[in-house]
Amino acid sequence: MARADLFTVVHEQFFTDTTDYADYVLPATTFLEHTDVQGAYGHYFVQLSQQAIAPPGEARPNVWLFGELARRMGFEDACFGDSEMDLVAQALGLARMALDAA
């Protein structure tokens, strides 16, 4: 990771050993700051974790980061424009309307 020819960008919530070697650190959101599906340990249930608070500063969720990268690389027509709720519905195999009604 310390090679001079290696360019490293890290998207992280906290400073870690990896961020020590990064050329750029992009602040990521925590589970409280974005919508996601959370799996459980010990059983097969999942739960919807909805955003509880606004992200601080310039922190951005994974969905936003990958959407922006795709847009800037010319992949605007692909699925990278889907919202967090669209992706949750796709992951669960649900129609978006059914998820909104829940």
# chains A, B, ... in the order shown; residues from 1 in each chain; ligands from 1
$ select_by_dssp --residues "stretch 2-102 of chain A" --states "alpha helix (DSSP H)" --output "ChimeraX atom specification"
/A:17-21,62-72,84-92,96-101
$ select_by_dssp --residues "chain A" --states "strand (DSSP E)" --output "VMD selection string"
chain A and resid 9 to 12 24 to 27 36 to 39 46 to 49
$ write_last_selection --atoms "C-alpha atoms" --output "compact mmCIF listing (two decimals), in the first residue's frame"
# COMPACT_ATOMS: atom_id res chain seq x y z
CA VAL A 9 -8.88 6.23 -2.70
CA VAL A 10 -10.71 5.04 0.41
CA HIS A 11 -14.40 5.55 1.23
CA GLU A 12 -14.55 5.06 4.99
CA TYR A 24 -7.72 10.55 -0.83
CA VAL A 25 -10.20 9.67 1.90
CA LEU A 26 -13.87 10.13 1.03
CA PRO A 27 -16.13 10.30 4.11
CA ASP A 36 -30.20 -0.06 3.84
CA VAL A 37 -31.24 -3.65 4.47
CA GLN A 38 -29.65 -5.25 7.51
CA GLY A 39 -29.18 -8.99 7.78
CA VAL A 46 -33.75 -8.98 7.40
CA GLN A 47 -34.91 -5.54 8.38
CA LEU A 48 -35.17 -2.21 6.68
CA SER A 49 -32.92 0.34 8.33
$ closest_residue --among "A:Val63, A:Leu69, A:Ala52, A:Ala28" --to "A:Glu84" --atoms "only C-alpha atoms"
A:Val63
$ atom_distance --atom1 "atom CA of A:His34" --atom2 "atom CA of A:Phe15"
19.6 Å
$ closest_residue --among "A:Ala2, A:Ala59, A:Leu94, A:Met85" --to "A:Thr35" --atoms "only C-alpha atoms"
A:Met85
$ residues_around --residues "A:Glu33" --least-positions-apart "3" --cutoff "9 Å" --atoms "only C-alpha atoms" --output "list in words"
Thr29, Thr30, Gln50, Gln51, Ala52, Ile53, Ala54, Pro55, Pro56, Ala59, Arg60 and Pro61 of chain A
$ write_last_selection --atoms "N, CA and C atoms" --output "PDB file, in the first residue's frame"
ATOM      1  N   THR A  29     -21.027   7.427   5.062  1.00  0.00           N
ATOM      2  CA  THR A  29     -22.074   7.508   6.082  1.00  0.00           C
ATOM      3  C   THR A  29     -22.069   6.262   6.963  1.00  0.00           C
ATOM      4  N   THR A  30     -22.643   6.405   8.143  1.00  0.00           N
ATOM      5  CA  THR A  30     -22.859   5.266   9.035  1.00  0.00           C
ATOM      6  C   THR A  30     -24.254   4.710   8.774  1.00  0.00           C
ATOM      7  N   GLN A  50     -33.965   2.509   8.048  1.00  0.00           N
ATOM      8  CA  GLN A  50     -34.188   3.796   7.380  1.00  0.00           C
ATOM      9  C   GLN A  50     -33.287   4.866   7.979  1.00  0.00           C
ATOM     10  N   GLN A  51     -32.951   5.839   7.145  1.00  0.00           N
ATOM     11  CA  GLN A  51     -32.084   6.936   7.583  1.00  0.00           C
ATOM     12  C   GLN A  51     -32.710   7.636   8.788  1.00  0.00           C
ATOM     13  N   ALA A  52     -31.938   7.782   9.856  1.00  0.00           N
ATOM     14  CA  ALA A  52     -32.427   8.408  11.080  1.00  0.00           C
ATOM     15  C   ALA A  52     -31.950   9.848  11.237  1.00  0.00           C
ATOM     16  N   ILE A  53     -30.751  10.137  10.751  1.00  0.00           N
ATOM     17  CA  ILE A  53     -30.195  11.482  10.873  1.00  0.00           C
ATOM     18  C   ILE A  53     -29.500  11.857   9.564  1.00  0.00           C
ATOM     19  N   ALA A  54     -29.302  13.126   9.379  1.00  0.00           N
ATOM     20  CA  ALA A  54     -28.602  13.607   8.180  1.00  0.00           C
ATOM     21  C   ALA A  54     -27.109  13.330   8.310  1.00  0.00           C
ATOM     22  N   PRO A  55     -26.454  13.014   7.199  1.00  0.00           N
ATOM     23  CA  PRO A  55     -25.008  12.791   7.248  1.00  0.00           C
ATOM     24  C   PRO A  55     -24.270  14.072   7.625  1.00  0.00           C
ATOM     25  N   PRO A  56     -23.224  13.958   8.437  1.00  0.00           N
ATOM     26  CA  PRO A  56     -22.460  15.156   8.792  1.00  0.00           C
ATOM     27  C   PRO A  56     -21.523  15.575   7.659  1.00  0.00           C
ATOM     28  N   ALA A  59     -20.063  13.629   4.192  1.00  0.00           N
ATOM     29  CA  ALA A  59     -20.213  12.171   4.166  1.00  0.00           C
ATOM     30  C   ALA A  59     -21.308  11.785   3.177  1.00  0.00           C
ATOM     31  N   ARG A  60     -21.038  10.735   2.395  1.00  0.00           N
ATOM     32  CA  ARG A  60     -21.986  10.273   1.377  1.00  0.00           C
ATOM     33  C   ARG A  60     -22.116   8.754   1.458  1.00  0.00           C
ATOM     34  N   PRO A  61     -23.316   8.214   1.173  1.00  0.00           N
ATOM     35  CA  PRO A  61     -23.502   6.760   1.187  1.00  0.00           C
ATOM     36  C   PRO A  61     -22.904   6.098  -0.053  1.00  0.00           C
TER      37      PRO A  61
END
